[in-house]
Amino acid sequence: MARIRDIITIPDKLLKEASLPVERIDDEVRALLDDMLETMYEAPGIGLAAVQVGVPRRLITVDIAPREGDEPEEGEEPPPPPEPDPMFLINPEILWRSDEVKTYEEGCLSIPEYFADVERPAAVRVAYLDRDGEAREIEADGVLAVVLQHEIDHLDGTLFIDHLSRLKRDMVVKKFTKQARTKAL
């Protein structure tokens, strides 16, 4: 049975380290993926990298399906009850990025309650292994492209705030470092 894990937050140094490839997909890896998915849903989030639960392996979970409580846009009908649509990506690698860029407001479960506009390629093609070890590729745009890039950045030790100006990034890190010191007392 899947369990909810603690999500590490900045300034934890593990978030700045590159994650190691998964050598073998076994029941232990699948159990970690299930834990990650439950942790992501509980948070709530739409993407989670294994390093965010303290496991520096190249694993991510993603689910951008609408959730219970998501508000419809003005003039839209309320959506039917949401159906989870999770993706499990093992050793994901970006093969291609579009020249066109888009700006989206991003947040991160490892940087709680902080959001900022980030410019990224509008579309990507990603190769990965699924939870059964099958090689897959996906071409994504919109929110899915953003989430895939954000989570793969985590696997490389990059946070979304690393895409901001140095001043903004330093202010965020300083705030969270101060909070971490205060909690430790």
# chains A, B, ... in the order shown; residues from 1 in each chain; ligands from 1

call {"tool": "residues_around", "arguments": {"residues": "region 132-134 of chain A", "least_positions_apart": "6", "cutoff": "9 Å", "atoms": "only C-alpha atoms", "output": "PyMOL selection string"}}
result
chain A and resi 24-26+30+90

call {"tool": "residues_around", "arguments": {"residues": "Arg97 (chain A)", "least_positions_apart": "6", "cutoff": "9 Å", "atoms": "only C-alpha atoms", "output": "ChimeraX atom specification"}}
result
/A:121-125

call {"tool": "residues_around", "arguments": {"residues": "Gln52 (chain A)", "least_positions_apart": "3", "cutoff": "9 Å", "atoms": "only C-alpha atoms", "output": "number ranges by chain"}}
result
A: 6-9, 14-15, 48-49, 55-56, 109-110, 154

call {"tool": "write_last_selection", "arguments": {"atoms": "N, CA and C atoms", "output": "PDB file, in the first residue's frame"}}
result
ATOM      1  N   ASP A   6       7.418  12.554   3.290  1.00  0.00           N
ATOM      2  CA  ASP A   6       7.732  13.960   3.529  1.00  0.00           C
ATOM      3  C   ASP A   6       8.383  14.550   2.290  1.00  0.00           C
ATOM      4  N   ILE A   7       8.011  15.775   1.966  1.00  0.00           N
ATOM      5  CA  ILE A   7       8.613  16.492   0.841  1.00  0.00           C
ATOM      6  C   ILE A   7       9.678  17.422   1.403  1.00  0.00           C
ATOM      7  N   ILE A   8      10.897  17.309   0.881  1.00  0.00           N
ATOM      8  CA  ILE A   8      11.966  18.184   1.348  1.00  0.00           C
ATOM      9  C   ILE A   8      11.831  19.546   0.672  1.00  0.00           C
ATOM     10  N   THR A   9      12.272  20.579   1.368  1.00  0.00           N
ATOM     11  CA  THR A   9      12.157  21.946   0.855  1.00  0.00           C
ATOM     12  C   THR A   9      13.524  22.625   0.871  1.00  0.00           C
ATOM     13  N   LEU A  14      20.156  18.465  -1.020  1.00  0.00           N
ATOM     14  CA  LEU A  14      19.840  17.357  -1.926  1.00  0.00           C
ATOM     15  C   LEU A  14      19.123  17.858  -3.181  1.00  0.00           C
ATOM     16  N   LEU A  15      18.334  18.929  -3.042  1.00  0.00           N
ATOM     17  CA  LEU A  15      17.588  19.465  -4.189  1.00  0.00           C
ATOM     18  C   LEU A  15      18.503  20.046  -5.266  1.00  0.00           C
ATOM     19  N   LEU A  48       5.938  15.511  -9.371  1.00  0.00           N
ATOM     20  CA  LEU A  48       6.847  15.284  -8.249  1.00  0.00           C
ATOM     21  C   LEU A  48       8.027  14.458  -8.733  1.00  0.00           C
ATOM     22  N   ALA A  49       9.213  14.896  -8.361  1.00  0.00           N
ATOM     23  CA  ALA A  49      10.443  14.156  -8.655  1.00  0.00           C
ATOM     24  C   ALA A  49      10.851  13.386  -7.402  1.00  0.00           C
ATOM     25  N   VAL A  55      14.875  10.940  -2.336  1.00  0.00           N
ATOM     26  CA  VAL A  55      15.455   9.803  -3.064  1.00  0.00           C
ATOM     27  C   VAL A  55      16.018  10.325  -4.384  1.00  0.00           C
ATOM     28  N   PRO A  56      17.338  10.510  -4.468  1.00  0.00           N
ATOM     29  CA  PRO A  56      17.922  11.097  -5.683  1.00  0.00           C
ATOM     30  C   PRO A  56      18.050  10.100  -6.845  1.00  0.00           C
ATOM     31  N   LEU A 109       6.406  22.167  -4.889  1.00  0.00           N
ATOM     32  CA  LEU A 109       6.138  21.613  -3.572  1.00  0.00           C
ATOM     33  C   LEU A 109       7.345  21.741  -2.651  1.00  0.00           C
ATOM     34  N   SER A 110       8.541  21.905  -3.213  1.00  0.00           N
ATOM     35  CA  SER A 110       9.755  22.084  -2.416  1.00  0.00           C
ATOM     36  C   SER A 110      10.040  23.552  -2.112  1.00  0.00           C
ATOM     37  N   HIS A 154      14.396  19.140 -11.819  1.00  0.00           N
ATOM     38  CA  HIS A 154      14.674  18.628 -10.468  1.00  0.00           C
ATOM     39  C   HIS A 154      15.702  17.500 -10.517  1.00  0.00           C
TER      40      HIS A 154
END

call {"tool": "residues_around", "arguments": {"residues": "Pro112 (chain A)", "least_positions_apart": "6", "cutoff": "10 Å", "atoms": "only C-alpha atoms", "output": "ChimeraX atom specification"}}
result
/A:9-10,43,176

call {"tool": "select_by_dssp", "arguments": {"residues": "region 23-130 of chain A", "states": "alpha helix (DSSP H)", "output": "VMD selection string"}}
result
chain A and resid 27 to 42

call {"tool": "residues_around", "arguments": {"residues": "region 169-173 of chain A", "least_positions_apart": "6", "cutoff": "7 Å", "atoms": "only C-alpha atoms", "output": "PyMOL selection string"}}
result
chain A and resi 11+161-162

call {"tool": "write_last_selection", "arguments": {"atoms": "C-alpha atoms", "output": "short mmCIF file (atom, residue, chain, number, x, y, z; two decimals), in the first residue's frame"}}
result
data_model
loop_
_atom_site.label_atom_id
_atom_site.label_comp_id
_atom_site.auth_asym_id
_atom_site.auth_seq_id
_atom_site.Cartn_x
_atom_site.Cartn_y
_atom_site.Cartn_z
CA PRO A 11 17.51 25.03 1.44
CA ILE A 161 13.75 29.70 -9.16
CA ASP A 162 17.06 29.10 -10.97
#

call {"tool": "select_by_dssp", "arguments": {"residues": "region 108-159 of chain A", "states": "strand (DSSP E)", "output": "list in words"}}
result
Cys108, Ile111, Pro112, Glu113, Tyr114, Phe115, Ala116, Asp117, Val118, Glu119, Arg120, Pro121, Ala123, Val124, Arg125, Val126, Ala127, Tyr128, Leu129, Ala135, Arg136, Glu137, Ile138, Glu139, Ala140 and Asp141 of chain A

call {"tool": "write_last_selection", "arguments": {"atoms": "N, CA and C atoms", "output": "PDB file, in the first residue's frame"}}
result
ATOM      1  N   CYS A 108       6.206  25.179  -6.687  1.00  0.00           N
ATOM      2  CA  CYS A 108       6.934  23.938  -6.439  1.00  0.00           C
ATOM      3  C   CYS A 108       6.644  23.464  -5.027  1.00  0.00           C
ATOM      4  N   ILE A 111       9.203  24.444  -2.632  1.00  0.00           N
ATOM      5  CA  ILE A 111       9.289  25.879  -2.335  1.00  0.00           C
ATOM      6  C   ILE A 111       7.846  26.323  -2.069  1.00  0.00           C
ATOM      7  N   PRO A 112       7.284  25.903  -0.923  1.00  0.00           N
ATOM      8  CA  PRO A 112       5.856  26.099  -0.681  1.00  0.00           C
ATOM      9  C   PRO A 112       5.417  27.564  -0.715  1.00  0.00           C
ATOM     10  N   GLU A 113       4.258  27.744  -1.331  1.00  0.00           N
ATOM     11  CA  GLU A 113       3.577  29.037  -1.347  1.00  0.00           C
ATOM     12  C   GLU A 113       4.365  30.150  -2.036  1.00  0.00           C
ATOM     13  N   TYR A 114       5.263  29.797  -2.944  1.00  0.00           N
ATOM     14  CA  TYR A 114       5.976  30.799  -3.745  1.00  0.00           C
ATOM     15  C   TYR A 114       5.702  30.481  -5.212  1.00  0.00           C
ATOM     16  N   PHE A 115       5.312  31.502  -5.962  1.00  0.00           N
ATOM     17  CA  PHE A 115       4.988  31.342  -7.376  1.00  0.00           C
ATOM     18  C   PHE A 115       5.683  32.444  -8.161  1.00  0.00           C
ATOM     19  N   ALA A 116       6.094  32.137  -9.388  1.00  0.00           N
ATOM     20  CA  ALA A 116       6.721  33.141 -10.242  1.00  0.00           C
ATOM     21  C   ALA A 116       6.563  32.733 -11.695  1.00  0.00           C
ATOM     22  N   ASP A 117       6.576  33.732 -12.585  1.00  0.00           N
ATOM     23  CA  ASP A 117       6.506  33.479 -14.018  1.00  0.00           C
ATOM     24  C   ASP A 117       7.855  32.974 -14.513  1.00  0.00           C
ATOM     25  N   VAL A 118       7.805  31.865 -15.276  1.00  0.00           N
ATOM     26  CA  VAL A 118       9.015  31.264 -15.835  1.00  0.00           C
ATOM     27  C   VAL A 118       8.800  31.071 -17.329  1.00  0.00           C
ATOM     28  N   GLU A 119       9.794  31.447 -18.107  1.00  0.00           N
ATOM     29  CA  GLU A 119       9.745  31.253 -19.554  1.00  0.00           C
ATOM     30  C   GLU A 119      10.468  29.952 -19.901  1.00  0.00           C
ATOM     31  N   ARG A 120       9.791  29.105 -20.650  1.00  0.00           N
ATOM     32  CA  ARG A 120      10.351  27.809 -21.076  1.00  0.00           C
ATOM     33  C   ARG A 120       9.941  27.544 -22.524  1.00  0.00           C
ATOM     34  N   PRO A 121      10.605  26.584 -23.180  1.00  0.00           N
ATOM     35  CA  PRO A 121      10.135  26.165 -24.501  1.00  0.00           C
ATOM     36  C   PRO A 121       8.660  25.746 -24.423  1.00  0.00           C
ATOM     37  N   ALA A 123       7.040  23.613 -26.249  1.00  0.00           N
ATOM     38  CA  ALA A 123       6.797  22.185 -26.496  1.00  0.00           C
ATOM     39  C   ALA A 123       8.104  21.417 -26.330  1.00  0.00           C
ATOM     40  N   VAL A 124       7.969  20.153 -25.937  1.00  0.00           N
ATOM     41  CA  VAL A 124       9.129  19.268 -25.774  1.00  0.00           C
ATOM     42  C   VAL A 124       8.769  17.854 -26.217  1.00  0.00           C
ATOM     43  N   ARG A 125       9.812  17.087 -26.546  1.00  0.00           N
ATOM     44  CA  ARG A 125       9.657  15.651 -26.768  1.00  0.00           C
ATOM     45  C   ARG A 125      10.537  14.969 -25.731  1.00  0.00           C
ATOM     46  N   VAL A 126       9.955  14.030 -24.993  1.00  0.00           N
ATOM     47  CA  VAL A 126      10.645  13.379 -23.886  1.00  0.00           C
ATOM     48  C   VAL A 126      10.639  11.869 -24.105  1.00  0.00           C
ATOM     49  N   ALA A 127      11.807  11.261 -23.930  1.00  0.00           N
ATOM     50  CA  ALA A 127      11.927   9.799 -23.942  1.00  0.00           C
ATOM     51  C   ALA A 127      12.018   9.331 -22.497  1.00  0.00           C
ATOM     52  N   TYR A 128      11.411   8.189 -22.199  1.00  0.00           N
ATOM     53  CA  TYR A 128      11.428   7.662 -20.838  1.00  0.00           C
ATOM     54  C   TYR A 128      11.058   6.191 -20.857  1.00  0.00           C
ATOM     55  N   LEU A 129      11.206   5.546 -19.713  1.00  0.00           N
ATOM     56  CA  LEU A 129      10.704   4.195 -19.519  1.00  0.00           C
ATOM     57  C   LEU A 129       9.455   4.298 -18.659  1.00  0.00           C
ATOM     58  N   ALA A 135      10.094   1.341 -23.292  1.00  0.00           N
ATOM     59  CA  ALA A 135      10.574   2.629 -23.796  1.00  0.00           C
ATOM     60  C   ALA A 135       9.409   3.387 -24.418  1.00  0.00           C
ATOM     61  N   ARG A 136       9.288   4.645 -24.067  1.00  0.00           N
ATOM     62  CA  ARG A 136       8.207   5.496 -24.564  1.00  0.00           C
ATOM     63  C   ARG A 136       8.756   6.856 -24.950  1.00  0.00           C
ATOM     64  N   GLU A 137       7.980   7.561 -25.767  1.00  0.00           N
ATOM     65  CA  GLU A 137       8.251   8.961 -26.089  1.00  0.00           C
ATOM     66  C   GLU A 137       6.927   9.700 -26.041  1.00  0.00           C
ATOM     67  N   ILE A 138       6.998  10.954 -25.610  1.00  0.00           N
ATOM     68  CA  ILE A 138       5.810  11.791 -25.595  1.00  0.00           C
ATOM     69  C   ILE A 138       6.189  13.169 -26.093  1.00  0.00           C
ATOM     70  N   GLU A 139       5.328  13.730 -26.940  1.00  0.00           N
ATOM     71  CA  GLU A 139       5.490  15.121 -27.343  1.00  0.00           C
ATOM     72  C   GLU A 139       4.428  15.903 -26.586  1.00  0.00           C
ATOM     73  N   ALA A 140       4.851  16.967 -25.909  1.00  0.00           N
ATOM     74  CA  ALA A 140       3.937  17.705 -25.039  1.00  0.00           C
ATOM     75  C   ALA A 140       4.046  19.193 -25.272  1.00  0.00           C
ATOM     76  N   ASP A 141       2.895  19.873 -25.076  1.00  0.00           N
ATOM     77  CA  ASP A 141       2.897  21.331 -25.084  1.00  0.00           C
ATOM     78  C   ASP A 141       2.021  21.784 -23.923  1.00  0.00           C
TER      79      ASP A 141
END

call {"tool": "atom_distance", "arguments": {"atom1": "CA of Gly157 (chain A)", "atom2": "CA of Ala65 (chain A)"}}
result
26.3 Å

call {"tool": "decode", "arguments": {"residues": "region 92-118 of chain A", "atoms": "N, CA and C atoms", "output": "mmCIF file, in the first residue's frame"}}
result
data_model
loop_
_atom_site.group_PDB
_atom_site.id
_atom_site.type_symbol
_atom_site.label_atom_id
_atom_site.label_comp_id
_atom_site.auth_asym_id
_atom_site.auth_seq_id
_atom_site.Cartn_x
_atom_site.Cartn_y
_atom_site.Cartn_z
ATOM 1 N N PRO A 92 13.678 9.943 -17.482
ATOM 2 C CA PRO A 92 13.213 10.806 -18.581
ATOM 3 C C PRO A 92 14.340 11.686 -19.115
ATOM 4 N N GLU A 93 14.274 11.926 -20.420
ATOM 5 C CA GLU A 93 15.288 12.743 -21.085
ATOM 6 C C GLU A 93 14.599 13.595 -22.149
ATOM 7 N N ILE A 94 14.885 14.877 -22.147
ATOM 8 C CA ILE A 94 14.314 15.762 -23.163
ATOM 9 C C ILE A 94 15.124 15.589 -24.450
ATOM 10 N N LEU A 95 14.438 15.167 -25.512
ATOM 11 C CA LEU A 95 15.083 14.934 -26.808
ATOM 12 C C LEU A 95 15.047 16.181 -27.686
ATOM 13 N N TRP A 96 14.009 16.999 -27.501
ATOM 14 C CA TRP A 96 13.796 18.158 -28.367
ATOM 15 C C TRP A 96 13.019 19.209 -27.607
ATOM 16 N N ARG A 97 13.381 20.476 -27.855
ATOM 17 C CA ARG A 97 12.658 21.626 -27.290
ATOM 18 C C ARG A 97 12.294 22.548 -28.446
ATOM 19 N N SER A 98 11.091 23.095 -28.418
ATOM 20 C CA SER A 98 10.671 24.017 -29.472
ATOM 21 C C SER A 98 11.436 25.339 -29.340
ATOM 22 N N ASP A 99 11.549 26.049 -30.445
ATOM 23 C CA ASP A 99 12.146 27.392 -30.418
ATOM 24 C C ASP A 99 11.170 28.388 -29.805
ATOM 25 N N GLU A 100 9.871 28.120 -29.994
ATOM 26 C CA GLU A 100 8.856 28.994 -29.413
ATOM 27 C C GLU A 100 8.879 28.829 -27.893
ATOM 28 N N VAL A 101 8.732 29.946 -27.192
ATOM 29 C CA VAL A 101 8.697 29.898 -25.731
ATOM 30 C C VAL A 101 7.357 30.417 -25.215
ATOM 31 N N LYS A 102 7.009 29.988 -24.025
ATOM 32 C CA LYS A 102 5.797 30.442 -23.340
ATOM 33 C C LYS A 102 6.173 30.741 -21.894
ATOM 34 N N THR A 103 5.405 31.641 -21.298
ATOM 35 C CA THR A 103 5.605 31.970 -19.891
ATOM 36 C C THR A 103 4.414 31.458 -19.098
ATOM 37 N N TYR A 104 4.695 30.708 -18.047
ATOM 38 C CA TYR A 104 3.666 30.180 -17.152
ATOM 39 C C TYR A 104 4.050 30.504 -15.719
ATOM 40 N N GLU A 105 3.043 30.683 -14.883
ATOM 41 C CA GLU A 105 3.306 30.839 -13.463
ATOM 42 C C GLU A 105 3.568 29.448 -12.895
ATOM 43 N N GLU A 106 4.725 29.299 -12.257
ATOM 44 C CA GLU A 106 5.092 28.014 -11.674
ATOM 45 C C GLU A 106 5.194 28.124 -10.164
ATOM 46 N N GLY A 107 4.965 27.001 -9.526
ATOM 47 C CA GLY A 107 5.179 26.839 -8.107
ATOM 48 C C GLY A 107 5.859 25.499 -7.920
ATOM 49 N N CYS A 108 6.206 25.179 -6.687
ATOM 50 C CA CYS A 108 6.934 23.938 -6.439
ATOM 51 C C CYS A 108 6.644 23.464 -5.027
ATOM 52 N N LEU A 109 6.406 22.167 -4.889
ATOM 53 C CA LEU A 109 6.138 21.613 -3.572
ATOM 54 C C LEU A 109 7.345 21.741 -2.651
ATOM 55 N N SER A 110 8.541 21.905 -3.213
ATOM 56 C CA SER A 110 9.755 22.084 -2.416
ATOM 57 C C SER A 110 10.040 23.552 -2.112
ATOM 58 N N ILE A 111 9.203 24.444 -2.632
ATOM 59 C CA ILE A 111 9.289 25.879 -2.335
ATOM 60 C C ILE A 111 7.846 26.323 -2.069
ATOM 61 N N PRO A 112 7.284 25.903 -0.923
ATOM 62 C CA PRO A 112 5.856 26.099 -0.681
ATOM 63 C C PRO A 112 5.417 27.564 -0.715
ATOM 64 N N GLU A 113 4.258 27.744 -1.331
ATOM 65 C CA GLU A 113 3.577 29.037 -1.347
ATOM 66 C C GLU A 113 4.365 30.150 -2.036
ATOM 67 N N TYR A 114 5.263 29.797 -2.944
ATOM 68 C CA TYR A 114 5.976 30.799 -3.745
ATOM 69 C C TYR A 114 5.702 30.481 -5.212
ATOM 70 N N PHE A 115 5.312 31.502 -5.962
ATOM 71 C CA PHE A 115 4.988 31.342 -7.376
ATOM 72 C C PHE A 115 5.683 32.444 -8.161
ATOM 73 N N ALA A 116 6.094 32.137 -9.388
ATOM 74 C CA ALA A 116 6.721 33.141 -10.242
ATOM 75 C C ALA A 116 6.563 32.733 -11.695
ATOM 76 N N ASP A 117 6.576 33.732 -12.585
ATOM 77 C CA ASP A 117 6.506 33.479 -14.018
ATOM 78 C C ASP A 117 7.855 32.974 -14.513
ATOM 79 N N VAL A 118 7.805 31.865 -15.276
ATOM 80 C CA VAL A 118 9.015 31.264 -15.835
ATOM 81 C C VAL A 118 8.800 31.071 -17.329
#
